[in-house]
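Okay, protein.cif now, which holds mmCIF, C-alpha atoms:
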data_protein
loop_
_atom_site.label_atom_id
_atom_site.label_comp_id
_atom_site.auth_asym_id
_atom_site.auth_seq_id
_atom_site.Cartn_x
_atom_site.Cartn_y
_atom_site.Cartn_z
CA MET A 1 -43.81 -13.39 -56.08
CA LEU A 2 -46.53 -15.43 -57.82
CA GLN A 3 -44.32 -15.86 -60.87
CA ALA A 4 -41.44 -17.03 -58.65
CA VAL A 5 -43.75 -19.51 -56.94
CA GLU A 6 -44.89 -20.73 -60.35
CA ASP A 7 -41.28 -21.23 -61.46
CA VAL A 8 -40.44 -23.25 -58.36
CA SER A 9 -43.57 -25.39 -58.58
CA ASN A 10 -42.99 -26.14 -62.29
CA MET A 11 -39.91 -28.15 -61.30
CA LEU A 12 -42.14 -30.76 -59.66
CA SER A 13 -44.47 -32.59 -61.99
CA LYS A 14 -46.11 -34.79 -59.37
CA GLU A 15 -46.44 -32.39 -56.45
CA LYS A 16 -46.81 -29.17 -58.39
CA GLU A 17 -50.13 -28.03 -56.93
CA ALA A 18 -49.25 -29.08 -53.37
CA LEU A 19 -45.94 -27.20 -53.51
CA LYS A 20 -47.58 -24.13 -54.99
CA ASN A 21 -50.35 -24.08 -52.36
CA SER A 22 -47.85 -24.51 -49.50
CA LEU A 23 -45.67 -21.60 -50.61
CA ILE A 24 -48.64 -19.31 -51.24
CA ALA A 25 -50.15 -20.21 -47.86
CA LYS A 26 -46.88 -19.36 -46.11
CA LEU A 27 -46.58 -16.01 -47.90
CA GLU A 28 -50.17 -15.15 -46.97
CA ALA A 29 -49.41 -16.06 -43.34
CA VAL A 30 -46.47 -13.62 -43.35
CA ALA A 31 -48.71 -10.88 -44.75
CA ASP A 32 -51.41 -11.55 -42.14
CA GLU A 33 -48.85 -11.48 -39.33
CA SER A 34 -47.54 -8.14 -40.57
CA GLU A 35 -51.06 -6.71 -40.70
CA ARG A 36 -51.78 -7.85 -37.14
CA SER A 37 -48.51 -6.28 -35.98
CA THR A 38 -49.51 -3.03 -37.71
CA LEU A 39 -52.87 -2.79 -35.95
CA GLU A 40 -51.80 -4.22 -32.57
CA PRO A 41 -50.62 -0.91 -30.95
CA PHE A 42 -53.98 0.72 -31.76
CA LYS A 43 -56.15 -2.22 -30.73
CA PRO A 44 -57.69 -1.71 -27.27
CA ASN A 45 -57.65 -4.47 -24.73
CA LYS A 46 -61.03 -6.17 -25.14
CA GLN A 47 -61.13 -7.58 -21.61
CA LYS A 48 -60.27 -4.24 -20.01
CA THR A 49 -62.82 -2.43 -22.18
CA GLU A 50 -65.55 -4.90 -21.22
CA ASP A 51 -64.66 -4.50 -17.53
CA LEU A 52 -64.94 -0.72 -17.86
CA HIS A 53 -68.31 -0.94 -19.63
CA SER A 54 -69.67 -3.34 -17.00
CA LEU A 55 -68.53 -0.97 -14.25
CA LEU A 56 -70.20 2.03 -15.89
CA ASN A 57 -73.41 0.06 -16.48
CA THR A 58 -73.69 -0.76 -12.79
CA LEU A 59 -73.61 2.91 -11.82
CA LYS A 60 -77.07 4.40 -11.44
CA ILE A 61 -77.98 8.04 -10.93
CA ASP A 62 -80.79 8.72 -8.51
CA GLY A 63 -82.70 11.70 -9.84
CA LYS A 64 -85.13 11.88 -6.94
CA LYS A 65 -84.80 14.66 -4.43
CA PRO A 66 -83.80 13.52 -0.97
CA LYS A 67 -86.59 13.53 1.53
CA ASN A 68 -86.34 15.58 4.68
CA LYS A 69 -85.33 13.17 7.39
CA PRO A 70 -86.35 13.80 10.96
CA PRO A 71 -83.51 14.87 13.23
CA ALA A 72 -81.81 12.01 14.99
CA PRO A 73 -82.64 11.76 18.69
CA LYS A 74 -79.95 12.91 21.02
CA LEU A 75 -78.43 10.16 23.10
CA ALA A 76 -76.98 10.54 26.51
CA PRO A 77 -73.18 10.51 26.59
CA LEU A 78 -71.75 7.13 27.38
CA LYS A 79 -69.38 6.62 30.21
CA VAL A 80 -66.26 4.86 29.02
CA GLU A 81 -64.67 2.56 31.52
CA ASP A 82 -60.93 2.15 31.69
CA ILE A 83 -60.38 -1.45 30.58
CA TYR A 84 -56.74 -1.30 31.56
CA GLY A 85 -57.37 -0.07 35.10
CA ALA A 86 -58.25 -3.48 36.59
CA GLN A 87 -55.75 -5.83 38.17
CA PRO A 88 -54.36 -8.34 35.59
CA SER A 89 -55.16 -12.01 36.22
CA GLY A 90 -51.63 -13.19 35.41
CA ILE A 91 -52.69 -16.38 33.64
CA PHE A 92 -50.31 -15.68 30.75
CA SER A 93 -47.34 -14.58 32.79
CA ARG A 94 -45.64 -17.99 32.58
CA ALA A 95 -46.67 -18.78 29.01
CA HIS A 96 -43.96 -19.09 26.37
CA PHE A 97 -44.92 -18.29 22.80
CA LYS A 98 -42.84 -19.39 19.84
CA GLU A 99 -41.79 -16.60 17.58
CA GLU A 100 -42.36 -16.98 13.87
CA SER A 101 -39.30 -18.17 12.05
CA SER A 102 -37.85 -15.60 9.67
CA THR A 103 -36.70 -18.37 7.33
CA VAL A 104 -40.24 -19.28 6.24
CA SER A 105 -40.56 -18.58 2.54
CA ARG A 106 -43.25 -16.12 1.56
CA LEU A 107 -45.62 -16.76 -1.29
CA LEU A 108 -45.34 -13.98 -3.84
CA THR A 109 -48.79 -14.81 -5.20
CA TRP A 110 -50.46 -13.97 -1.90
CA ASP A 111 -48.49 -10.74 -1.66
CA MET A 112 -49.61 -9.75 -5.16
CA LEU A 113 -53.23 -10.55 -4.35
CA TYR A 114 -53.03 -8.56 -1.13
CA GLU A 115 -51.63 -5.54 -2.96
CA ARG A 116 -54.35 -5.87 -5.59
CA GLU A 117 -57.06 -5.92 -2.90
CA LEU A 118 -55.59 -2.79 -1.32
CA GLU A 119 -55.52 -1.08 -4.70
CA LEU A 120 -59.13 -2.02 -5.43
CA ALA A 121 -60.20 -0.84 -1.97
CA VAL A 122 -58.94 2.69 -2.61
CA THR A 123 -59.73 2.83 -6.33
CA HIS A 124 -62.80 4.84 -7.24
CA PRO A 125 -64.43 5.56 -10.60
CA PRO A 126 -62.94 8.58 -12.41
CA ALA A 127 -64.55 11.84 -11.36
CA ASN A 128 -63.66 13.72 -14.56
CA GLY A 129 -62.12 13.33 -17.96
CA PHE A 130 -58.58 13.88 -16.75
CA GLN A 131 -58.78 11.04 -14.23
CA GLN A 132 -60.32 8.82 -16.89
CA MET A 133 -57.44 9.51 -19.29
CA ILE A 134 -54.92 8.80 -16.52
CA GLN A 135 -56.64 5.50 -15.75
CA TRP A 136 -56.72 4.48 -19.41
CA THR A 137 -53.02 5.35 -19.76
CA LYS A 138 -52.11 3.12 -16.81
CA GLN A 139 -54.23 0.31 -18.29
CA GLY A 140 -52.46 0.61 -21.65
CA LYS A 141 -55.55 1.67 -23.61
CA VAL A 142 -54.12 4.96 -24.93
CA TRP A 143 -50.68 6.18 -25.96
CA GLN A 144 -48.27 7.26 -23.27
CA PHE A 145 -46.87 10.77 -23.40
CA PRO A 146 -44.55 11.87 -24.85
CA ILE A 147 -45.70 10.05 -27.98
CA ASP A 148 -43.14 7.55 -29.29
CA ASN A 149 -43.78 5.71 -32.54
CA GLU A 150 -41.64 2.82 -31.22
CA GLN A 151 -43.73 2.32 -28.10
CA GLY A 152 -43.98 -1.36 -27.26
CA LEU A 153 -40.81 -2.20 -29.21
CA GLU A 154 -38.33 -1.86 -26.36
CA GLU A 155 -36.72 -5.20 -27.16
CA GLU A 156 -36.00 -4.11 -30.74
CA ALA A 157 -34.16 -1.03 -29.47
CA GLN A 158 -31.13 -3.26 -28.81
CA VAL A 159 -31.16 -4.61 -32.39
CA GLY A 160 -29.37 -2.79 -35.18
CA PHE A 161 -31.16 -1.83 -38.36
CA HIS A 162 -28.68 -3.83 -40.44
CA GLU A 163 -30.06 -7.06 -38.94
CA HIS A 164 -33.50 -6.12 -40.30
CA VAL A 165 -32.29 -5.13 -43.76
CA PHE A 166 -29.38 -7.41 -44.67
CA LEU A 167 -30.89 -10.90 -44.55
CA GLU A 168 -29.03 -12.50 -47.45
CA PRO A 169 -26.30 -13.99 -45.20
CA HIS A 170 -28.98 -16.32 -43.84
CA LEU A 171 -29.27 -17.87 -47.34
CA LYS A 172 -25.58 -18.64 -47.84
CA PRO A 173 -25.35 -21.88 -45.83
CA TRP A 174 -28.14 -23.70 -47.68
CA CYS A 175 -29.67 -21.84 -50.64
CA PRO A 176 -28.26 -22.59 -54.14
CA ARG A 177 -26.47 -19.74 -55.92
CA ARG A 178 -28.74 -19.74 -58.97
CA GLY A 179 -32.00 -21.18 -60.21
CA PRO A 180 -35.69 -20.72 -59.40
CA VAL A 181 -35.20 -21.55 -55.70
CA ARG A 182 -32.59 -18.81 -55.38
CA HIS A 183 -34.77 -16.32 -57.24
CA PHE A 184 -37.75 -17.14 -55.01
CA MET A 185 -35.76 -16.81 -51.78
CA GLU A 186 -34.24 -13.50 -52.92
CA LEU A 187 -37.75 -12.10 -53.35
CA VAL A 188 -38.72 -13.42 -49.90
CA VAL A 189 -35.65 -11.81 -48.32
CA VAL A 190 -36.32 -8.47 -50.04
CA GLY A 191 -39.92 -8.50 -48.84
CA LEU A 192 -38.89 -9.29 -45.25
CA SER A 193 -36.19 -6.61 -45.25
CA LYS A 194 -38.78 -3.97 -46.18
CA ASN A 195 -41.25 -5.12 -43.51
CA PRO A 196 -41.03 -2.80 -40.45
CA TYR A 197 -43.64 -4.69 -38.42
CA LEU A 198 -41.78 -7.98 -37.87
CA THR A 199 -38.93 -8.53 -35.44
CA VAL A 200 -35.59 -9.99 -36.46
CA ALA A 201 -36.45 -13.26 -34.75
CA GLN A 202 -39.70 -13.51 -36.72
CA LYS A 203 -37.89 -12.82 -40.00
CA LYS A 204 -35.33 -15.53 -39.27
CA GLU A 205 -38.14 -17.91 -38.35
CA HIS A 206 -39.79 -17.40 -41.75
CA ILE A 207 -36.49 -17.95 -43.58
CA ASN A 208 -35.88 -21.15 -41.61
CA TRP A 209 -39.36 -22.36 -42.52
CA PHE A 210 -38.56 -22.08 -46.24
CA ARG A 211 -35.20 -23.78 -45.62
CA ASP A 212 -36.88 -26.75 -43.95
CA PHE A 213 -39.53 -26.82 -46.66
CA PHE A 214 -37.01 -27.09 -49.50
CA GLU A 215 -34.91 -29.52 -47.48
CA ALA A 216 -37.90 -31.87 -47.35
CA LYS A 217 -38.06 -31.68 -51.18
CA ARG A 218 -34.30 -32.07 -51.57
CA SER A 219 -34.32 -35.36 -53.52
CA ILE A 220 -36.91 -34.07 -55.99
CA LEU A 221 -35.02 -30.80 -56.49
CA ILE A 222 -31.83 -32.72 -57.28
CA ASP A 223 -33.64 -34.95 -59.79
CA THR A 224 -35.15 -31.94 -61.59
CA GLY A 225 -31.83 -30.08 -61.63
CA ALA A 226 -33.03 -27.19 -59.46
CA ILE A 227 -30.04 -27.70 -57.17
CA PRO A 228 -26.77 -29.49 -58.03
CA ASP A 229 -25.98 -32.94 -56.76
CA ILE A 230 -23.26 -32.36 -54.15
CA THR A 231 -22.80 -35.92 -52.95
CA THR A 232 -19.26 -35.95 -54.33
CA LYS A 233 -18.44 -32.37 -53.28
CA SER A 234 -17.82 -30.70 -49.96
CA SER A 235 -20.32 -27.89 -50.49
CA PRO A 236 -22.84 -27.20 -47.68
CA SER A 237 -26.25 -28.85 -47.89
CA LEU A 238 -29.66 -27.29 -47.54
CA SER A 239 -29.84 -28.21 -43.86
CA THR A 240 -26.47 -26.73 -42.93
#
Please, can you express the file's structure as structure tokens?
Amino acid sequence: MLQAVEDVSNMLSKEKEALKNSLIAKLEAVADESERSTLEPFKPNKQKTEDLHSLLNTLKIDGKKPKNKPPAPKLAPLKVEDIYGAQPSGIFSRAHFKEESSTVSRLLTWDMLYERELELAVTHPPANGFQQMIQWTKQGKVWQFPIDNEQGLEEEAQVGFHEHVFLEPHLKPWCPRRGPVRHFMELVVVGLSKNPYLTVAQKKEHINWFRDFFEAKRSILIDTGAIPDITTKSSPSLST
């Protein structure tokens, strides 16, 4: 790849170093993105982990023995009056109350907050290791069973493998058929096709970045002979 970058940058005498640094920086960004995608399924959620640690730190164990408390004094039984046995006053007999309209739109945010409060009200710290593993599984901190090596890639399940591997058709509309630019892009396409950590959309995005990059240098590439001058022909341009 470095030799291909060197061949492409040698075509430009004035902007050789700038072109070389831009291409190398882009290739390093692709490698870093792949590495982050590799480690992302095994990286715990930092916020959730900090919340769990703060919860455990607030728990304190009282090692003192409970003192013998004196027995509570016995109280006389209370006599409960029948509050519904009296004669009603009738002050609301002629009142007319408006019923709530069923067409009023409900706020989903308030419903979600209410459900969250109910869940927090009945949620208790795990009593044993099994409950702790169940809680971590629901929070996404550990793998779900049965183990699936494609967990978290549900969107890619609808994409065929050929779209990951055969990326050369994306070069046909704009990349020249021969020359250092073609050789460089063929190496880029081969590297992306062998990368299992990037989605198809991400691979196309990287290819489009190189297309736009060379399109910006189009006039210089024509002057140096890296791509043919097609002003008098009907061949597709780099931006097609």
Exercise for the section: Work out how far atom CA of A:Leu113 is from atom CA of A:Lys138, in Å to one decimal. Expected result: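 The value is 18.5 Å.
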Exercise for the section: Evaluate the PyMOL selection byres ((chain A and resi 17-34) around 7) and record the selected residues as a list in words, following the chain and residue labels used in the document. Expected result: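 On the file shown, the PyMOL selection byres ((chain A and resi 17-34) around 7) covers Val5, Glu6, Ser9, Glu15, Lys16, Glu35, Arg36, Ser37, Thr38, Tyr197 and Leu198 of chain A.
Our summary of the geometry notes that atom CA of A:Phe214 is positioned 10.2 Å from atom CA of A:Val8.
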Practice task
Please evaluate the PyMOL selection byres ((chain A and resi 151-168) around 10) against the displayed coordinates and give the resulting residues as a ChimeraX atom specification.
Solution key: /A:40-41,143-144,147-150,169-172,175,185-186,188-201,203-204,207
Handout entry: Pick from A:Ile134, A:Val181, A:Leu187, A:Met112 nearest to A:Leu221, counting all atoms listed in the file
Key =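 Smallest distance to A:Leu221 is found for A:Val181.
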